[in-house]
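This is upload21.pdb. It holds PDB, C-alpha atoms and all ligand atoms.
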ATOM      1  CA  MET A1033       8.978 -14.119  16.153  1.00  0.00           C
ATOM      2  CA  ALA A1034       8.476 -14.649  12.433  1.00  0.00           C
ATOM      3  CA  LYS A1035      11.116 -13.524   9.976  1.00  0.00           C
ATOM      4  CA  ILE A1036      10.312 -10.217   8.272  1.00  0.00           C
ATOM      5  CA  CYS A1037      11.204 -10.845   4.676  1.00  0.00           C
ATOM      6  CA  ILE A1038       8.502 -10.022   2.159  1.00  0.00           C
ATOM      7  CA  PHE A1039      10.785 -10.931  -0.752  1.00  0.00           C
ATOM      8  CA  ALA A1040      11.180 -14.563   0.293  1.00  0.00           C
ATOM      9  CA  PRO A1041       8.659 -17.210  -0.747  1.00  0.00           C
ATOM     10  CA  MET A1042       6.665 -18.589   2.178  1.00  0.00           C
ATOM     11  CA  SER A1043       8.242 -21.934   3.010  1.00  0.00           C
ATOM     12  CA  THR A1044       4.963 -23.816   3.473  1.00  0.00           C
ATOM     13  CA  GLN A1045       3.070 -22.570   0.430  1.00  0.00           C
ATOM     14  CA  ARG A1046       5.828 -21.817  -2.087  1.00  0.00           C
ATOM     15  CA  LYS A1047       4.184 -18.529  -3.005  1.00  0.00           C
ATOM     16  CA  TRP A1048       5.655 -15.091  -3.283  1.00  0.00           C
ATOM     17  CA  ALA A1049       4.497 -12.570  -0.724  1.00  0.00           C
ATOM     18  CA  LEU A1050       5.244  -9.454  -2.781  1.00  0.00           C
ATOM     19  CA  PRO A1051       2.771 -10.066  -5.676  1.00  0.00           C
ATOM     20  CA  ALA A1052       0.173 -10.996  -3.047  1.00  0.00           C
ATOM     21  CA  LEU A1053       0.857  -7.713  -1.251  1.00  0.00           C
ATOM     22  CA  PHE A1054       0.275  -5.657  -4.402  1.00  0.00           C
ATOM     23  CA  SER A1055      -2.884  -7.572  -5.254  1.00  0.00           C
ATOM     24  CA  MET A1056      -4.014  -6.944  -1.645  1.00  0.00           C
ATOM     25  CA  LYS A1057      -4.255 -10.539  -0.558  1.00  0.00           C
ATOM     26  CA  CYS A1058      -4.228 -11.861   3.016  1.00  0.00           C
ATOM     27  CA  PRO A1059      -0.681 -11.849   4.488  1.00  0.00           C
ATOM     28  CA  VAL A1060      -1.113 -15.304   6.027  1.00  0.00           C
ATOM     29  CA  CYS A1061      -2.530 -17.492   3.218  1.00  0.00           C
ATOM     30  CA  LEU A1062      -1.773 -15.037   0.334  1.00  0.00           C
ATOM     31  CA  GLU A1063      -5.133 -15.955  -1.225  1.00  0.00           C
ATOM     32  CA  GLY A1064      -8.049 -14.178   0.448  1.00  0.00           C
ATOM     33  CA  PHE A1065      -8.735 -10.594  -0.647  1.00  0.00           C
ATOM     34  CA  VAL A1066      -8.523  -8.334   2.430  1.00  0.00           C
ATOM     35  CA  PHE A1067     -10.925  -5.496   1.487  1.00  0.00           C
ATOM     36  CA  VAL A1068     -14.726  -5.482   1.540  1.00  0.00           C
ATOM     37  CA  ASN A1069     -14.887  -3.811  -1.908  1.00  0.00           C
ATOM     38  CA  LYS A1070     -13.079  -5.299  -4.884  1.00  0.00           C
ATOM     39  CA  GLY A1071     -12.747  -1.877  -6.567  1.00  0.00           C
ATOM     40  CA  ILE A1072     -12.280   1.544  -4.992  1.00  0.00           C
ATOM     41  CA  PHE A1073     -15.976   2.520  -5.228  1.00  0.00           C
ATOM     42  CA  PRO A1074     -17.995   3.359  -3.178  1.00  0.00           C
ATOM     43  CA  LEU A1075     -15.259   5.531  -1.698  1.00  0.00           C
ATOM     44  CA  GLN A1076     -16.592   5.441   1.876  1.00  0.00           C
ATOM     45  CA  ASN A1077     -15.757   1.732   1.988  1.00  0.00           C
ATOM     46  CA  LEU A1078     -12.403   2.274   0.326  1.00  0.00           C
ATOM     47  CA  VAL A1079     -10.199   1.132   3.209  1.00  0.00           C
ATOM     48  CA  LYS A1080     -12.729  -1.101   4.957  1.00  0.00           C
ATOM     49  CA  LEU A1081     -11.118  -4.436   5.745  1.00  0.00           C
ATOM     50  CA  LYS A1082     -12.941  -7.737   6.076  1.00  0.00           C
ATOM     51  CA  PRO A1083     -13.082  -8.817   9.739  1.00  0.00           C
ATOM     52  CA  ASN A1084     -11.549 -12.194   8.874  1.00  0.00           C
ATOM     53  CA  CYS A1085      -9.846 -13.704   5.849  1.00  0.00           C
ATOM     54  CA  ASP A1086     -12.277 -15.727   3.678  1.00  0.00           C
ATOM     55  CA  VAL A1087      -9.714 -18.444   3.067  1.00  0.00           C
ATOM     56  CA  CYS A1088      -7.737 -18.953   6.311  1.00  0.00           C
ATOM     57  CA  HIS A1089      -9.940 -16.975   8.783  1.00  0.00           C
ATOM     58  CA  GLN A1090      -7.014 -14.917  10.028  1.00  0.00           C
ATOM     59  CA  LYS A1091      -8.271 -11.867  11.968  1.00  0.00           C
ATOM     60  CA  LEU A1092      -7.526  -8.851   9.760  1.00  0.00           C
ATOM     61  CA  ILE A1093      -8.952  -5.888  11.664  1.00  0.00           C
ATOM     62  CA  SER A1094      -6.647  -4.303  14.196  1.00  0.00           C
ATOM     63  CA  GLU A1095      -7.440  -1.230  16.267  1.00  0.00           C
ATOM     64  CA  SER A1096      -3.943   0.089  15.774  1.00  0.00           C
ATOM     65  CA  ASN A1097      -3.795  -0.184  11.964  1.00  0.00           C
ATOM     66  CA  ASN A1098      -1.352   2.564  11.186  1.00  0.00           C
ATOM     67  CA  GLY A1099      -1.973   2.741   7.426  1.00  0.00           C
ATOM     68  CA  GLY A1100      -2.025   6.529   7.723  1.00  0.00           C
ATOM     69  CA  GLY A1101       1.638   6.809   8.655  1.00  0.00           C
ATOM     70  CA  ILE A1102       2.701   4.457   5.885  1.00  0.00           C
ATOM     71  CA  ASN A1103       0.454   6.351   3.463  1.00  0.00           C
ATOM     72  CA  TYR A1104       2.297   9.584   4.240  1.00  0.00           C
ATOM     73  CA  ALA A1105       5.639   7.933   3.473  1.00  0.00           C
ATOM     74  CA  LEU A1106       4.317   6.461   0.209  1.00  0.00           C
ATOM     75  CA  THR A1107       2.915   9.836  -0.883  1.00  0.00           C
ATOM     76  CA  VAL A1108       6.286  11.496  -0.344  1.00  0.00           C
ATOM     77  CA  ILE A1109       7.950   8.689  -2.328  1.00  0.00           C
ATOM     78  CA  VAL A1110       5.463   9.234  -5.212  1.00  0.00           C
ATOM     79  CA  LEU A1111       6.258  12.960  -5.241  1.00  0.00           C
ATOM     80  CA  PHE A1112       9.938  12.165  -5.687  1.00  0.00           C
ATOM     81  CA  LEU A1113       9.328   9.416  -8.265  1.00  0.00           C
ATOM     82  CA  ASN A1114       7.516  11.968 -10.428  1.00  0.00           C
ATOM     83  CA  LEU A1115      10.807  13.814 -10.739  1.00  0.00           C
ATOM     84  CA  ILE A1116      12.315  10.815 -12.586  1.00  0.00           C
ATOM     85  CA  TRP A1117       9.997  11.101 -15.607  1.00  0.00           C
ATOM     86  CA  TYR A1118       9.167  14.818 -15.384  1.00  0.00           C
ATOM     87  CA  TYR A1119      12.723  16.156 -15.440  1.00  0.00           C
ATOM     88  CA  PRO A1120      13.902  14.465 -18.694  1.00  0.00           C
ATOM     89  CA  ILE A1121      10.661  15.326 -20.538  1.00  0.00           C
ATOM     90  CA  PHE A1122       9.898  18.890 -19.470  1.00  0.00           C
ATOM     91  CA  GLY A1123      13.041  19.963 -17.631  1.00  0.00           C
ATOM     92  CA  ILE A1124      13.117  21.960 -14.401  1.00  0.00           C
ATOM     93  CA  THR A1125      15.074  25.176 -14.003  1.00  0.00           C
ATOM     94  CA  TYR A1126      15.238  27.982 -11.459  1.00  0.00           C
ATOM     95  CA  LYS A1127      15.052  30.571 -14.252  1.00  0.00           C
ATOM     96  CA  ASP A1128      11.302  30.329 -14.844  1.00  0.00           C
ATOM     97  CA  ASP A1129       8.175  28.893 -13.253  1.00  0.00           C
ATOM     98  CA  SER A1130       8.908  25.267 -14.252  1.00  0.00           C
ATOM     99  CA  ILE A1131       9.363  24.191 -10.618  1.00  0.00           C
ATOM    100  CA  TYR A1132       5.779  25.263  -9.880  1.00  0.00           C
ATOM    101  CA  TYR A1133       4.473  23.368 -12.891  1.00  0.00           C
ATOM    102  CA  PHE A1134       6.329  20.312 -11.633  1.00  0.00           C
ATOM    103  CA  LEU A1135       4.955  20.643  -8.092  1.00  0.00           C
ATOM    104  CA  THR A1136       1.401  21.041  -9.406  1.00  0.00           C
ATOM    105  CA  THR A1137       1.660  18.035 -11.754  1.00  0.00           C
ATOM    106  CA  SER A1138       3.265  15.965  -9.031  1.00  0.00           C
ATOM    107  CA  ALA A1139       0.570  16.872  -6.480  1.00  0.00           C
ATOM    108  CA  ILE A1140      -2.219  16.033  -8.947  1.00  0.00           C
ATOM    109  CA  ILE A1141      -0.669  12.621  -9.628  1.00  0.00           C
ATOM    110  CA  ALA A1142      -0.309  11.946  -5.891  1.00  0.00           C
ATOM    111  CA  ILE A1143      -3.993  12.850  -5.381  1.00  0.00           C
ATOM    112  CA  ILE A1144      -5.137  10.617  -8.255  1.00  0.00           C
ATOM    113  CA  LEU A1145      -3.105   7.706  -6.861  1.00  0.00           C
ATOM    114  CA  GLN A1146      -4.350   8.366  -3.315  1.00  0.00           C
ATOM    115  CA  PRO A1147      -7.143   5.716  -3.173  1.00  0.00           C
ATOM    116  CA  TRP A1148      -4.686   3.042  -4.262  1.00  0.00           C
ATOM    117  CA  LEU A1149      -1.970   4.367  -1.925  1.00  0.00           C
ATOM    118  CA  MET A1150      -4.374   4.343   1.035  1.00  0.00           C
ATOM    119  CA  ARG A1151      -5.254   0.722   0.363  1.00  0.00           C
ATOM    120  CA  ILE A1152      -1.728  -0.470  -0.241  1.00  0.00           C
ATOM    121  CA  SER A1153      -0.556   1.245   2.982  1.00  0.00           C
ATOM    122  CA  ARG A1154      -3.181  -0.632   4.985  1.00  0.00           C
ATOM    123  CA  VAL A1155      -2.061  -3.886   3.376  1.00  0.00           C
ATOM    124  CA  ILE A1156       1.618  -3.100   4.044  1.00  0.00           C
ATOM    125  CA  TYR A1157       0.698  -2.478   7.681  1.00  0.00           C
ATOM    126  CA  LEU A1158      -1.121  -5.830   7.831  1.00  0.00           C
ATOM    127  CA  TYR A1159       1.882  -7.630   6.374  1.00  0.00           C
ATOM    128  CA  LEU A1160       4.262  -6.012   8.845  1.00  0.00           C
ATOM    129  CA  TYR A1161       1.906  -6.439  11.782  1.00  0.00           C
ATOM    130  CA  LEU A1162       0.841 -10.038  11.224  1.00  0.00           C
ATOM    131  CA  LYS A1163       4.307 -11.188  10.256  1.00  0.00           C
ATOM    132  CA  THR A1164       5.950  -9.689  13.329  1.00  0.00           C
ATOM    133  CA  GLY A1165       3.485 -11.290  15.732  1.00  0.00           C
ATOM    134  CA  GLY A1166       1.046  -8.542  16.707  1.00  0.00           C
ATOM    135  CA  LYS A1167      -0.790  -8.987  19.994  1.00  0.00           C
ATOM    136  CA  ASP A1168      -4.245  -9.280  18.369  1.00  0.00           C
ATOM    137  CA  GLN A1169      -3.483 -12.638  16.766  1.00  0.00           C
TER     138      GLN A1169
HETATM  139 ZN    ZN A1201      -5.916 -15.693   4.673  1.00  0.00          ZN
END
As structure tokens, how would this structure be written, given the file I've shared?
Ligand SMILES: [Zn+2]
Amino acid sequence: MAKICIFAPMSTQRKWALPALFSMKCPVCLEGFVFVNKGIFPLQNLVKLKPNCDVCHQKLISESNNGGGINYALTVIVLFLNLIWYYPIFGITYKDDSIYYFLTTSAIIAIILQPWLMRISRVIYLYLYLKTGGKDQ
């Protein structure tokens, strides 16, 4: 079983896995882009993965890709991260409606970030799945 450490450089290639993850590169060679579309449009192909990596030909599509579960966790994290900048700027108190303004702003930001979050969750799943020796390999 491979070591699960996305912060460590891959011993063979001397590349960092984390920047490759955020630029949505293949978890095996860290070079091939994993999605069919470069950008997020058209939206119906937003999370469509290439069947195989262009560079190393690693199989990328897995029936059990659980990006959805990871996406939920990331969305919750974004909602909490909004508190870090919102609270010092606007303040939140129980005395007025400020908590509702915060929740609305936070939800809008989470929705705007959603296409990116959906993609990054699929990539995170790929990294976890391929690096822990999934059965489809
Ligand atoms: Zn690859």
(message) Hey, which residues sit close to ligand ZN 1201 (chain A)? Say within 9 Å, counting all atoms listed in the file, and write them as an MDAnalysis selection string.
(response) chainID A and resid 1057:1066 1084:1092
(message) Please report the interatomic distance between atom CA of Ala1052 of chain A and atom CA of Ile1116 of chain A in Å with one decimal.
(response)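 Separating atom CA of Ala1052 of chain A from atom CA of Ile1116 of chain A is a distance of 26.7 Å.
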(request) For segment 1139-1152 of chain A, list every protein, DNA or RNA residue within 12 Å, evaluated using all atoms listed in the file, and leave out those in the same chain fewer than 6 positions away; present the list as a PyMOL selection string. (result) chain A and resi 1050-1057+1065-1081+1097-1115+1118+1132-1133+1158-1159
Pull C-alpha atoms from the residues just selected and write them as a PDB file, in the frame of the given file.
ATOM      1  CA  LEU A1050       5.244  -9.454  -2.781  1.00  0.00           C
ATOM      2  CA  PRO A1051       2.771 -10.066  -5.676  1.00  0.00           C
ATOM      3  CA  ALA A1052       0.173 -10.996  -3.047  1.00  0.00           C
ATOM      4  CA  LEU A1053       0.857  -7.713  -1.251  1.00  0.00           C
ATOM      5  CA  PHE A1054       0.275  -5.657  -4.402  1.00  0.00           C
ATOM      6  CA  SER A1055      -2.884  -7.572  -5.254  1.00  0.00           C
ATOM      7  CA  MET A1056      -4.014  -6.944  -1.645  1.00  0.00           C
ATOM      8  CA  LYS A1057      -4.255 -10.539  -0.558  1.00  0.00           C
ATOM      9  CA  PHE A1065      -8.735 -10.594  -0.647  1.00  0.00           C
ATOM     10  CA  VAL A1066      -8.523  -8.334   2.430  1.00  0.00           C
ATOM     11  CA  PHE A1067     -10.925  -5.496   1.487  1.00  0.00           C
ATOM     12  CA  VAL A1068     -14.726  -5.482   1.540  1.00  0.00           C
ATOM     13  CA  ASN A1069     -14.887  -3.811  -1.908  1.00  0.00           C
ATOM     14  CA  LYS A1070     -13.079  -5.299  -4.884  1.00  0.00           C
ATOM     15  CA  GLY A1071     -12.747  -1.877  -6.567  1.00  0.00           C
ATOM     16  CA  ILE A1072     -12.280   1.544  -4.992  1.00  0.00           C
ATOM     17  CA  PHE A1073     -15.976   2.520  -5.228  1.00  0.00           C
ATOM     18  CA  PRO A1074     -17.995   3.359  -3.178  1.00  0.00           C
ATOM     19  CA  LEU A1075     -15.259   5.531  -1.698  1.00  0.00           C
ATOM     20  CA  GLN A1076     -16.592   5.441   1.876  1.00  0.00           C
ATOM     21  CA  ASN A1077     -15.757   1.732   1.988  1.00  0.00           C
ATOM     22  CA  LEU A1078     -12.403   2.274   0.326  1.00  0.00           C
ATOM     23  CA  VAL A1079     -10.199   1.132   3.209  1.00  0.00           C
ATOM     24  CA  LYS A1080     -12.729  -1.101   4.957  1.00  0.00           C
ATOM     25  CA  LEU A1081     -11.118  -4.436   5.745  1.00  0.00           C
ATOM     26  CA  ASN A1097      -3.795  -0.184  11.964  1.00  0.00           C
ATOM     27  CA  ASN A1098      -1.352   2.564  11.186  1.00  0.00           C
ATOM     28  CA  GLY A1099      -1.973   2.741   7.426  1.00  0.00           C
ATOM     29  CA  GLY A1100      -2.025   6.529   7.723  1.00  0.00           C
ATOM     30  CA  GLY A1101       1.638   6.809   8.655  1.00  0.00           C
ATOM     31  CA  ILE A1102       2.701   4.457   5.885  1.00  0.00           C
ATOM     32  CA  ASN A1103       0.454   6.351   3.463  1.00  0.00           C
ATOM     33  CA  TYR A1104       2.297   9.584   4.240  1.00  0.00           C
ATOM     34  CA  ALA A1105       5.639   7.933   3.473  1.00  0.00           C
ATOM     35  CA  LEU A1106       4.317   6.461   0.209  1.00  0.00           C
ATOM     36  CA  THR A1107       2.915   9.836  -0.883  1.00  0.00           C
ATOM     37  CA  VAL A1108       6.286  11.496  -0.344  1.00  0.00           C
ATOM     38  CA  ILE A1109       7.950   8.689  -2.328  1.00  0.00           C
ATOM     39  CA  VAL A1110       5.463   9.234  -5.212  1.00  0.00           C
ATOM     40  CA  LEU A1111       6.258  12.960  -5.241  1.00  0.00           C
ATOM     41  CA  PHE A1112       9.938  12.165  -5.687  1.00  0.00           C
ATOM     42  CA  LEU A1113       9.328   9.416  -8.265  1.00  0.00           C
ATOM     43  CA  ASN A1114       7.516  11.968 -10.428  1.00  0.00           C
ATOM     44  CA  LEU A1115      10.807  13.814 -10.739  1.00  0.00           C
ATOM     45  CA  TYR A1118       9.167  14.818 -15.384  1.00  0.00           C
ATOM     46  CA  TYR A1132       5.779  25.263  -9.880  1.00  0.00           C
ATOM     47  CA  TYR A1133       4.473  23.368 -12.891  1.00  0.00           C
ATOM     48  CA  LEU A1158      -1.121  -5.830   7.831  1.00  0.00           C
ATOM     49  CA  TYR A1159       1.882  -7.630   6.374  1.00  0.00           C
TER      50      TYR A1159
END
(message) Using Å and a single decimal, report how far atom CA of Phe1122 of chain A sits from atom CA of Phe1134 of chain A.
(response)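 Between atom CA of Phe1134 of chain A and atom CA of Phe1122 of chain A the gap is 8.7 Å.
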(request) Quote the spacing between atom CA of Trp1117 of chain A and atom CA of Thr1136 of chain A in Å to one decimal place. (result)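 Taking atom CA of Trp1117 of chain A as the start and atom CA of Thr1136 of chain A as the end point, the length is 14.5 Å.
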Please, what is the axis-aligned box for every listed atom of segment 1119-1127 of chain A with 4 Å on each side, as centre and edge lengths in Å to one decimal, as lines of an AutoDock Vina configuration file?
center_x = 12.6
center_y = 22.5
center_z = -16.0
size_x = 13.3
size_y = 24.1
size_z = 17.1
(request) Rank nothing, just name the residue among A:Ala1049, A:Val1155, A:Ile1121, A:Leu1135 nearest to Ser1094 of chain A, using only C-alpha atoms. (result)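 Going through A:Ala1049, A:Val1155, A:Ile1121, A:Leu1135 one by one, the smallest distance to Ser1094 of chain A is for A:Val1155.
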